file target-v7.txt (compact mmCIF, C-alpha atoms)
# COMPACT_ATOMS: atom_id res chain seq x y z
CA MET U 24 -142.28 154.67 188.67
CA PRO U 25 -142.84 151.98 191.36
CA ARG U 26 -140.90 148.76 191.31
CA ALA U 27 -144.16 146.85 191.02
CA THR U 28 -144.42 148.03 187.42
CA ALA U 29 -141.12 146.40 186.55
CA ALA U 30 -142.21 143.25 188.32
CA MET U 31 -145.34 143.23 186.17
CA LEU U 32 -143.22 143.71 183.08
CA VAL U 33 -140.85 140.92 184.03
CA ALA U 34 -143.73 138.63 184.97
CA ALA U 35 -145.47 139.41 181.69
CA ALA U 36 -142.39 138.59 179.66
CA ALA U 37 -139.69 135.95 179.76
CA ILE U 38 -136.05 135.32 178.94
CA ALA U 39 -134.78 134.91 175.38
CA LEU U 40 -132.97 132.18 173.58
CA VAL U 41 -129.57 133.44 174.69
CA GLY U 42 -126.31 131.94 175.78
CA CYS U 43 -123.88 129.86 173.77
CA CYS U 44 -123.90 126.22 172.83
CA TRP U 45 -121.02 123.91 173.60
CA ALA U 46 -120.92 120.22 172.88
CA ALA U 47 -119.00 119.09 175.95
CA ALA U 48 -121.25 117.42 178.55
CA ALA U 49 -120.57 117.46 182.26
CA THR U 50 -119.43 114.42 184.15
CA THR U 51 -122.05 113.72 186.77
CA VAL U 52 -120.78 112.79 190.19
CA VAL U 53 -123.75 113.30 192.55
CA VAL U 54 -127.50 112.84 192.04
CA ALA U 55 -129.48 115.24 194.20
CA GLY U 56 -133.15 116.12 193.71
CA PRO U 57 -134.56 117.52 190.46
CA GLY U 58 -131.18 117.82 188.81
CA THR U 59 -127.64 116.65 189.34
CA VAL U 60 -124.49 118.15 190.81
CA GLY U 61 -121.55 117.55 188.53
CA THR U 62 -118.19 118.70 187.24
CA LEU U 63 -118.49 121.72 184.96
CA PRO U 64 -115.86 123.98 183.40
CA ALA U 65 -114.67 126.96 185.40
CA GLY U 66 -117.12 129.85 185.25
CA VAL U 67 -120.10 127.64 184.36
CA ALA U 68 -122.87 127.45 186.98
CA ALA U 69 -125.19 124.96 185.23
CA GLN U 70 -125.80 123.19 181.94
CA VAL U 71 -129.08 122.19 180.28
CA GLY U 72 -128.37 119.84 177.39
CA SER U 73 -125.63 121.68 175.49
CA LEU U 74 -126.66 125.14 176.74
CA ARG U 75 -124.62 126.59 179.56
CA ILE U 76 -125.40 129.14 182.25
CA THR U 77 -122.34 131.07 183.32
CA ASP U 78 -121.53 132.42 186.77
CA ALA U 79 -121.71 135.93 185.30
CA GLU U 80 -125.24 135.32 183.92
CA LEU U 81 -126.36 133.93 187.25
CA GLY U 82 -124.89 136.88 189.14
CA ARG U 83 -126.72 139.32 186.87
CA ALA U 84 -130.00 137.41 187.23
CA VAL U 85 -129.64 137.51 191.03
CA GLU U 86 -129.06 141.28 190.92
CA GLN U 87 -132.19 141.72 188.80
CA GLN U 88 -134.28 139.64 191.16
CA LEU U 89 -133.06 141.43 194.27
CA ALA U 90 -133.62 144.82 192.63
CA GLN U 91 -137.34 144.05 192.40
CA GLY U 92 -137.66 143.57 196.16
CA PRO U 93 -139.32 146.10 198.48
CA SER U 94 -137.51 149.42 198.27
CA ASN U 95 -137.74 149.95 202.04
CA GLN U 96 -135.77 146.78 202.84
CA PRO U 97 -132.01 146.29 202.57
CA ILE U 98 -130.70 143.99 199.85
CA PRO U 99 -129.83 140.60 201.40
CA ALA U 100 -126.13 140.03 201.94
CA PRO U 101 -124.36 137.24 200.02
CA GLY U 102 -124.45 134.06 202.07
CA SER U 103 -127.68 134.99 203.85
CA PRO U 104 -130.71 132.69 203.51
CA ALA U 105 -132.60 135.38 201.57
CA HIS U 106 -129.73 135.83 199.13
CA GLY U 107 -129.47 132.06 198.74
CA ALA U 108 -133.19 131.84 197.95
CA ALA U 109 -132.85 134.61 195.35
CA ARG U 110 -129.88 132.82 193.80
CA GLN U 111 -131.86 129.58 193.65
CA SER U 112 -134.87 131.33 192.12
CA ALA U 113 -132.73 133.17 189.55
CA MET U 114 -131.13 129.89 188.53
CA ALA U 115 -134.56 128.30 188.08
CA ARG U 116 -135.46 131.18 185.74
CA LEU U 117 -132.31 130.69 183.70
CA VAL U 118 -132.83 126.93 183.49
CA SER U 119 -136.39 127.50 182.33
CA GLU U 120 -135.11 129.85 179.64
CA ARG U 121 -132.72 127.22 178.34
CA ILE U 122 -135.43 124.54 178.30
CA TYR U 123 -137.78 126.72 176.27
CA ALA U 124 -134.95 127.69 173.95
CA ILE U 125 -134.24 124.01 173.25
CA GLU U 126 -137.89 123.12 172.82
CA ALA U 127 -138.63 126.13 170.60
CA GLU U 128 -135.78 125.05 168.32
CA ARG U 129 -137.11 121.50 168.24
CA CYS U 130 -140.60 122.79 167.48
CA GLY U 131 -139.30 124.62 164.42
CA ALA U 132 -141.05 127.34 162.43
CA PRO U 133 -144.33 127.40 164.46
CA CYS U 134 -142.41 128.36 167.60
CA ARG U 135 -139.84 130.71 166.12
CA VAL U 136 -140.03 134.32 167.29
CA GLY U 137 -138.81 137.16 165.08
CA ALA U 138 -137.62 140.64 165.95
CA ARG U 139 -140.84 142.16 164.65
CA GLN U 140 -142.97 140.09 167.03
CA VAL U 141 -140.70 141.02 169.95
CA GLN U 142 -140.90 144.71 169.08
CA ALA U 143 -144.69 144.61 168.79
CA ARG U 144 -145.02 143.05 172.25
CA LEU U 145 -142.51 145.51 173.70
CA ASP U 146 -144.50 148.43 172.28
CA GLU U 147 -147.66 146.93 173.78
CA LEU U 148 -146.05 146.56 177.20
CA LYS U 149 -144.66 150.09 177.14
CA ARG U 150 -148.08 151.41 176.22
CA ASP U 151 -149.96 149.35 178.82
CA GLN U 152 -147.49 150.03 181.64
CA ARG U 153 -146.80 153.64 180.55
CA LEU U 154 -143.09 152.97 180.50
CA GLY U 155 -142.25 155.62 177.96
CA SER U 156 -139.23 155.21 175.72
CA GLY U 157 -135.71 156.38 175.01
CA ALA U 158 -133.45 157.65 177.75
CA ALA U 159 -136.16 157.70 180.43
CA LEU U 160 -136.97 154.02 179.88
CA THR U 161 -133.28 153.07 179.80
CA ALA U 162 -132.60 154.93 183.05
CA TYR U 163 -135.62 153.42 184.77
CA LEU U 164 -134.69 149.88 183.77
CA ALA U 165 -131.08 150.49 184.83
CA ARG U 166 -132.26 151.10 188.41
CA LEU U 167 -133.68 147.59 188.30
CA LYS U 168 -130.50 146.15 186.75
CA PHE U 169 -132.26 145.60 183.41
CA THR U 170 -131.45 146.81 179.93
CA VAL U 171 -133.87 147.15 177.05
CA ALA U 172 -132.12 144.12 175.57
CA ASP U 173 -132.96 142.17 178.75
CA VAL U 174 -136.61 143.10 178.35
CA ARG U 175 -136.55 142.03 174.70
CA ALA U 176 -135.10 138.72 175.85
CA LEU U 177 -137.86 138.29 178.42
CA ILE U 178 -140.47 139.00 175.76
CA ARG U 179 -138.91 136.48 173.39
CA TRP U 180 -139.14 133.82 176.10
CA GLN U 181 -142.78 134.64 176.75
CA LEU U 182 -143.59 134.40 173.05
CA GLN U 183 -141.78 131.08 172.83
CA MET U 184 -143.83 129.75 175.75
CA GLU U 185 -147.05 130.96 174.15
CA ARG U 186 -146.22 129.35 170.80
CA ILE U 187 -145.23 126.05 172.36
CA ALA U 188 -148.52 126.08 174.29
CA VAL U 189 -150.47 126.79 171.09
CA ARG U 190 -148.64 123.92 169.38
CA LEU U 191 -149.58 121.58 172.22
CA LYS U 192 -153.23 122.67 172.35
CA LYS U 193 -153.93 122.75 168.62
CA PRO U 194 -154.50 119.00 168.09
CA VAL U 195 -156.88 118.73 171.05
CA ARG U 196 -160.55 118.54 170.08
CA PHE U 197 -163.85 118.06 171.90
CA SER U 198 -166.75 117.28 169.61
CA GLY U 199 -170.49 117.75 169.93
CA ALA U 200 -170.86 113.97 170.31
CA GLN U 201 -168.38 114.00 173.19
CA ALA U 202 -170.25 116.91 174.73
CA LEU U 203 -173.54 114.99 174.56
CA SER U 204 -171.93 111.97 176.20
CA TYR U 205 -170.47 114.18 178.92
CA TYR U 206 -173.83 115.89 179.48
CA ARG U 207 -175.66 112.57 179.84
CA SER U 208 -173.20 111.29 182.42
CA HIS U 209 -173.10 114.58 184.36
CA ARG U 210 -176.73 115.65 184.04
CA ALA U 211 -176.99 116.47 187.75
CA ARG U 212 -174.51 119.31 187.25
CA TYR U 213 -176.96 121.03 184.95
CA ARG U 214 -179.94 120.98 187.29
CA ASN U 215 -180.91 124.42 188.53
CA PRO U 216 -182.24 124.38 192.10
CA GLU U 217 -185.47 126.03 193.16
CA LEU U 218 -184.99 129.78 193.41
CA ARG U 219 -186.98 132.09 195.63
CA GLN U 220 -187.59 135.82 195.39
CA ALA U 221 -188.31 137.53 198.70
CA ARG U 222 -188.65 140.77 200.57
CA HIS U 223 -188.20 141.49 204.25
CA ILE U 224 -188.55 144.05 206.99
CA LEU U 225 -185.65 144.19 209.44
CA VAL U 226 -186.09 145.71 212.91
CA ALA U 227 -183.84 145.76 215.96
CA GLY U 228 -185.94 144.14 218.70
CA ARG U 229 -188.50 141.39 219.20
CA ALA U 230 -191.22 143.67 220.60
CA GLU U 231 -191.04 145.94 217.57
CA ALA U 232 -191.01 142.93 215.26
CA VAL U 233 -194.24 141.62 216.83
CA ARG U 234 -195.86 145.05 216.49
CA VAL U 235 -194.83 145.45 212.83
CA ARG U 236 -195.93 141.89 212.02
CA ALA U 237 -199.40 142.75 213.27
CA LEU U 238 -199.55 145.68 210.85
CA VAL U 239 -198.11 144.14 207.70
CA THR U 240 -200.15 142.60 204.86
CA ASP U 241 -199.39 141.58 201.31
CA ALA U 242 -200.85 144.89 200.12
CA ASN U 243 -198.94 147.23 202.44
CA PHE U 244 -195.66 145.25 202.84
CA ALA U 245 -193.57 147.69 200.75
CA THR U 246 -194.97 150.73 202.55
CA ILE U 247 -194.30 149.23 205.99
CA ALA U 248 -190.78 148.22 204.92
CA ARG U 249 -189.95 151.76 203.82
CA ARG U 250 -191.24 153.11 207.14
CA TYR U 251 -189.81 150.64 209.65
CA SER U 252 -186.99 148.55 208.11
CA ILE U 253 -183.43 149.29 209.21
CA ASP U 254 -181.87 147.41 206.29
CA PRO U 255 -180.30 150.23 204.20
CA SER U 256 -179.80 148.03 201.12
CA SER U 257 -183.47 147.02 200.72
CA ARG U 258 -185.49 149.59 202.63
CA ASN U 259 -185.98 152.02 199.75
CA GLN U 260 -187.02 149.12 197.50
CA GLY U 261 -189.85 148.15 199.85
CA GLY U 262 -187.73 145.42 201.40
CA ASP U 263 -187.11 143.66 198.06
CA LEU U 264 -184.14 141.27 198.20
CA GLY U 265 -184.45 139.95 194.66
CA THR U 266 -183.65 136.31 193.88
CA LEU U 267 -181.90 134.55 196.76
CA LEU U 268 -179.50 131.71 196.03
CA PRO U 269 -179.82 128.54 198.15
CA LEU U 270 -177.32 128.27 201.01
CA SER U 271 -176.30 131.91 200.58
CA LEU U 272 -178.15 133.16 203.66
CA VAL U 273 -177.78 132.84 207.43
CA PRO U 274 -179.43 129.56 208.56
CA PRO U 275 -182.45 130.96 210.48
CA PHE U 276 -183.41 133.18 207.53
CA GLU U 277 -182.80 130.33 205.06
CA LYS U 278 -184.96 127.93 207.10
CA ALA U 279 -187.85 130.38 207.32
CA LEU U 280 -187.63 131.32 203.65
CA SER U 281 -187.73 127.70 202.49
CA SER U 282 -190.78 126.91 204.63
CA LEU U 283 -193.00 129.73 203.31
CA ALA U 284 -195.59 129.36 200.57
CA LEU U 285 -195.85 131.91 197.78
CA ARG U 286 -197.02 135.34 199.16
CA GLU U 287 -196.99 133.96 202.74
CA ILE U 288 -195.58 136.31 205.41
CA SER U 289 -193.48 134.84 208.20
CA GLN U 290 -193.66 135.44 211.91
CA PRO U 291 -190.63 137.36 213.26
CA VAL U 292 -187.36 135.50 212.64
CA LYS U 293 -184.24 136.27 214.71
CA THR U 294 -180.74 136.36 213.19
CA GLN U 295 -177.52 138.08 214.23
CA LEU U 296 -178.71 141.11 212.22
CA GLY U 297 -181.94 141.59 214.15
CA TRP U 298 -185.55 140.47 213.64
CA HIS U 299 -186.92 139.81 210.15
CA ILE U 300 -190.41 139.61 208.73
CA ILE U 301 -190.08 137.70 205.46
CA GLN U 302 -192.39 137.27 202.48
CA VAL U 303 -191.83 135.02 199.46
CA THR U 304 -192.75 136.99 196.35
CA GLY U 305 -191.82 134.45 193.69
CA ILE U 306 -190.76 130.81 193.27
CA THR U 307 -188.86 129.45 190.27
CA PRO U 308 -189.18 125.63 190.23
CA PRO U 309 -186.06 123.48 189.87
CA ARG U 310 -185.19 122.56 186.29
CA THR U 311 -182.61 120.52 184.42
CA LEU U 312 -181.13 122.51 181.56
CA SER U 313 -181.43 120.84 178.17
CA PHE U 314 -178.37 119.79 176.19
CA ALA U 315 -179.16 122.47 173.61
CA GLU U 316 -178.91 125.11 176.34
CA VAL U 317 -175.53 123.97 177.63
CA ARG U 318 -173.90 122.46 174.53
CA SER U 319 -171.65 125.40 173.72
CA SER U 320 -170.55 125.92 177.34
CA VAL U 321 -169.81 122.19 177.77
CA ILE U 322 -167.66 122.18 174.64
CA GLN U 323 -165.88 125.39 175.61
CA THR U 324 -165.19 124.30 179.18
CA GLN U 325 -164.13 120.74 178.42
CA LEU U 326 -161.99 121.80 175.47
CA ALA U 327 -160.17 124.33 177.69
CA LEU U 328 -159.63 121.67 180.38
CA ARG U 329 -158.30 119.12 177.89
CA ARG U 330 -156.01 121.66 176.25
CA GLN U 331 -154.63 122.68 179.63
CA ALA U 332 -154.15 119.00 180.45
CA ALA U 333 -152.03 118.66 177.29
CA VAL U 334 -149.82 121.53 178.50
CA ASP U 335 -149.63 120.00 181.98
CA ARG U 336 -148.53 116.65 180.53
CA TRP U 337 -145.83 118.41 178.53
CA MET U 338 -144.65 120.18 181.68
CA ARG U 339 -144.47 116.88 183.57
CA ASN U 340 -142.87 114.83 180.83
CA VAL U 341 -140.72 117.24 178.82
CA PHE U 342 -140.06 120.32 180.96
CA ASP U 343 -139.52 118.39 184.18
CA GLY U 344 -137.49 115.85 182.23
CA TRP U 345 -135.05 118.60 181.26
CA ARG U 346 -134.96 119.85 184.84
CA ARG U 347 -134.01 116.39 186.07
CA ARG U 348 -131.20 116.21 183.49
CA THR U 349 -129.83 119.68 184.28
CA VAL U 350 -126.34 119.66 185.77
CA TYR U 351 -125.37 122.21 188.45
CA ALA U 352 -121.92 123.16 189.65
CA ASP U 353 -123.12 123.58 193.23
CA ARG U 354 -125.73 121.80 195.34
CA SER U 355 -127.05 125.14 196.63
CA LEU U 356 -128.30 125.93 193.12
CA LEU U 357 -130.57 122.90 192.90
CA PRO U 358 -134.30 123.74 192.76
CA ALA U 359 -136.14 123.64 196.04
CA PRO U 360 -137.91 120.30 196.61
call {"tool": "encode", "arguments": {"input": "target-v7.txt", "output": "structure tokens"}}
result
Amino acid sequence: MPRATAAMLVAAAAIALVGCCWAAAATTVVVAGPGTVGTLPAGVAAQVGSLRITDAELGRAVEQQLAQGPSNQPIPAPGSPAHGAARQSAMARLVSERIYAIEAERCGAPCRVGARQVQARLDELKRDQRLGSGAALTAYLARLKFTVADVRALIRWQLQMERIAVRLKKPVRFSGAQALSYYRSHRARYRNPELRQARHILVAGRAEAVRVRALVTDANFATIARRYSIDPSSRNQGGDLGTLLPLSLVPPFEKALSSLALREISQPVKTQLGWHIIQVTGITPPRTLSFAEVRSSVIQTQLALRRQAAVDRWMRNVFDGWRRRTVYADRSLLPAP
């Protein structure tokens, strides 16, 4: 099974509420970036609130991260820039786990994750990623420095994140009255431009284009297109291009198309594709959509944006607040700026 599958599994899940709680706080001695470097007990790499991250946990997280790298590349040596980046990234993952553990506990029952929910998500992941089960799954994960317990922990973290997000989004509302106000102040967004339906005959050279133009009429356009056009995508449809969106075409074609009246046939038009003979077969006038037509989409879109904004505010104020208060034993473990 390719390593990419494990990466998908790890990305789809997250770390659990693990680690022990101690009351002793670190004595901060240096402020440096999004976090502080301070004095921590031996064997402790970082501390978020009262939750500690040990050197052993960090070492294991680094192994797991490096094991997901390209199989055709050597594992970076300790002390190398690549190993340092992996160590920094693994620490960021562990800090994130601790933050979500703290916030899930503060959230209470709505954010609690039980063993049954973890098992259901694990079964879903195994089914979707065709991971199998039993000894084969255990052996596969072992190659990536993971255990089934690690995967359960990742799933628990993901479920915690999802439930915190639901908790943040739930109070956010966007009413029909708000939608109407938004529509009135953004009416221009709901104006459909003029749309044109067209067909064309594409030939390679100017002389042939002039000759074909002399032959073509509204009545025989499709027949001539099937006989002479070199455009493989429209030739068998009599040159029909369907509805053409404004500004979606090469400029010379666009300019000619916009200047033609309904059923009018152009003179030969040169583009980088060759020479075109163009006919407008239909024109849909511009129109502003009514509020009734867009009401549901306005509510859906704006509600999603406002709910995401609530999550973003939480990330800035709460999550980043914890990151700033995290204490690290070593400056090299601080998050990248």
call {"tool": "residues_near_point", "arguments": {"input": "target-v7.txt", "point": "(-163.6, 123.6, 178.5)", "cutoff": "12 Å", "atoms": "all atoms listed in the file", "output": "ChimeraX atom specification"}}
result
/U:195-198,201-202,205,317-332
call {"tool": "atom_distance", "arguments": {"input": "target-v7.txt", "atom1": "CA of Ile178 in chain U", "atom2": "CA of Gln142 in chain U"}}
result
8.8 Å
call {"tool": "closest_residue", "arguments": {"input": "target-v7.txt", "among": "U:Tyr163, U:Pro57, U:Gly107, U:Leu203", "to": "Ser313 in chain U", "atoms": "all atoms listed in the file"}}
result
U:Leu203
call {"tool": "closest_atom_pairs", "arguments": {"input": "target-v7.txt", "of": "range 126-212 of chain U", "to": "range 87-95 of chain U", "cutoff": "9 Å", "atoms": "all atoms listed in the file", "output": "CSV"}}
result
residue,atom,partner,partner_atom,distance
U:Arg166,CA,U:Ala90,CA,7.7
U:Leu167,CA,U:Ala90,CA,5.1
U:Lys168,CA,U:Gln87,CA,5.2
U:Phe169,CA,U:Gln87,CA,6.6
call {"tool": "atom_distance", "arguments": {"input": "target-v7.txt", "atom1": "CA of Ala113 in chain U", "atom2": "CA of Leu148 in chain U"}}
result
22.6 Å
call {"tool": "residues_near_point", "arguments": {"input": "target-v7.txt", "point": "(-129.7, 125.3, 175.0)", "cutoff": "7 Å", "atoms": "only C-alpha atoms", "output": "MDAnalysis selection string"}}
result
chainID U and resid 44 71:75 121:122 124:125
call {"tool": "residues_around", "arguments": {"input": "target-v7.txt", "residues": "Arg346 in chain U", "least_positions_apart": "5", "cutoff": "12 Å", "atoms": "all atoms listed in the file", "output": "PyMOL selection string"}}
result
chain U and resi 55-59+69-72+114-123+338-341+351+357-359
call {"tool": "write_last_selection", "arguments": {"input": "target-v7.txt", "atoms": "C-alpha atoms", "output": "compact mmCIF listing (two decimals), in the coordinates of the input"}}
result
# COMPACT_ATOMS: atom_id res chain seq x y z
CA ALA U 55 -129.48 115.24 194.20
CA GLY U 56 -133.15 116.12 193.71
CA PRO U 57 -134.56 117.52 190.46
CA GLY U 58 -131.18 117.82 188.81
CA THR U 59 -127.64 116.65 189.34
CA ALA U 69 -125.19 124.96 185.23
CA GLN U 70 -125.80 123.19 181.94
CA VAL U 71 -129.08 122.19 180.28
CA GLY U 72 -128.37 119.84 177.39
CA MET U 114 -131.13 129.89 188.53
CA ALA U 115 -134.56 128.30 188.08
CA ARG U 116 -135.46 131.18 185.74
CA LEU U 117 -132.31 130.69 183.70
CA VAL U 118 -132.83 126.93 183.49
CA SER U 119 -136.39 127.50 182.33
CA GLU U 120 -135.11 129.85 179.64
CA ARG U 121 -132.72 127.22 178.34
CA ILE U 122 -135.43 124.54 178.30
CA TYR U 123 -137.78 126.72 176.27
CA MET U 338 -144.65 120.18 181.68
CA ARG U 339 -144.47 116.88 183.57
CA ASN U 340 -142.87 114.83 180.83
CA VAL U 341 -140.72 117.24 178.82
CA TYR U 351 -125.37 122.21 188.45
CA LEU U 357 -130.57 122.90 192.90
CA PRO U 358 -134.30 123.74 192.76
CA ALA U 359 -136.14 123.64 196.04
call {"tool": "atom_distance", "arguments": {"input": "target-v7.txt", "atom1": "CA of Ala284 in chain U", "atom2": "CA of Leu267 in chain U"}}
result
15.1 Å
call {"tool": "closest_residue", "arguments": {"input": "target-v7.txt", "among": "U:Ala105, U:Lys278, U:Arg179, U:Gly66", "to": "Gln140 in chain U", "atoms": "all atoms listed in the file"}}
result
U:Arg179
call {"tool": "residues_around", "arguments": {"input": "target-v7.txt", "residues": "Asp78 in chain U", "least_positions_apart": "3", "cutoff": "10 Å", "atoms": "all atoms listed in the file", "output": "number ranges by chain"}}
result
U: 65-69, 75, 81-84, 352
call {"tool": "write_last_selection", "arguments": {"input": "target-v7.txt", "atoms": "C-alpha atoms", "output": "mmCIF file, in the coordinates of the input"}}
result
data_model
loop_
_atom_site.group_PDB
_atom_site.id
_atom_site.type_symbol
_atom_site.label_atom_id
_atom_site.label_comp_id
_atom_site.auth_asym_id
_atom_site.auth_seq_id
_atom_site.Cartn_x
_atom_site.Cartn_y
_atom_site.Cartn_z
ATOM 1 C CA ALA U 65 -114.670 126.960 185.400
ATOM 2 C CA GLY U 66 -117.120 129.850 185.250
ATOM 3 C CA VAL U 67 -120.100 127.640 184.360
ATOM 4 C CA ALA U 68 -122.870 127.450 186.980
ATOM 5 C CA ALA U 69 -125.190 124.960 185.230
ATOM 6 C CA ARG U 75 -124.620 126.590 179.560
ATOM 7 C CA LEU U 81 -126.360 133.930 187.250
ATOM 8 C CA GLY U 82 -124.890 136.880 189.140
ATOM 9 C CA ARG U 83 -126.720 139.320 186.870
ATOM 10 C CA ALA U 84 -130.000 137.410 187.230
ATOM 11 C CA ALA U 352 -121.920 123.160 189.650
#
call {"tool": "closest_atom_pairs", "arguments": {"input": "target-v7.txt", "of": "range 265-303 of chain U", "to": "range 224-232 of chain U", "cutoff": "6 Å", "atoms": "all atoms listed in the file", "output": "JSON lines"}}
result
{"residue": "U:Pro291", "atom": "CA", "partner": "U:Ala232", "partner_atom": "CA", "distance": 5.9}
{"residue": "U:Gly297", "atom": "CA", "partner": "U:Ala227", "partner_atom": "CA", "distance": 4.9}
{"residue": "U:Trp298", "atom": "CA", "partner": "U:Val226", "partner_atom": "CA", "distance": 5.3}
{"residue": "U:His299", "atom": "CA", "partner": "U:Leu225", "partner_atom": "CA", "distance": 4.6}
{"residue": "U:Ile300", "atom": "CA", "partner": "U:Ile224", "partner_atom": "CA", "distance": 5.1}
call {"tool": "closest_residue", "arguments": {"input": "target-v7.txt", "among": "U:Leu264, U:Ala138, U:Ala108, U:Ile76", "to": "Ala245 in chain U", "atoms": "all atoms listed in the file"}}
result
U:Leu264
call {"tool": "closest_residue", "arguments": {"input": "target-v7.txt", "among": "U:Met184, U:Ala279, U:Ala211, U:Val189", "to": "Val303 in chain U", "atoms": "only C-alpha atoms"}}
result
U:Ala279
call {"tool": "closest_residue", "arguments": {"input": "target-v7.txt", "among": "U:Phe314, U:Val350, U:Asp151, U:Ala143", "to": "Ala200 in chain U", "atoms": "all atoms listed in the file"}}
result
U:Phe314
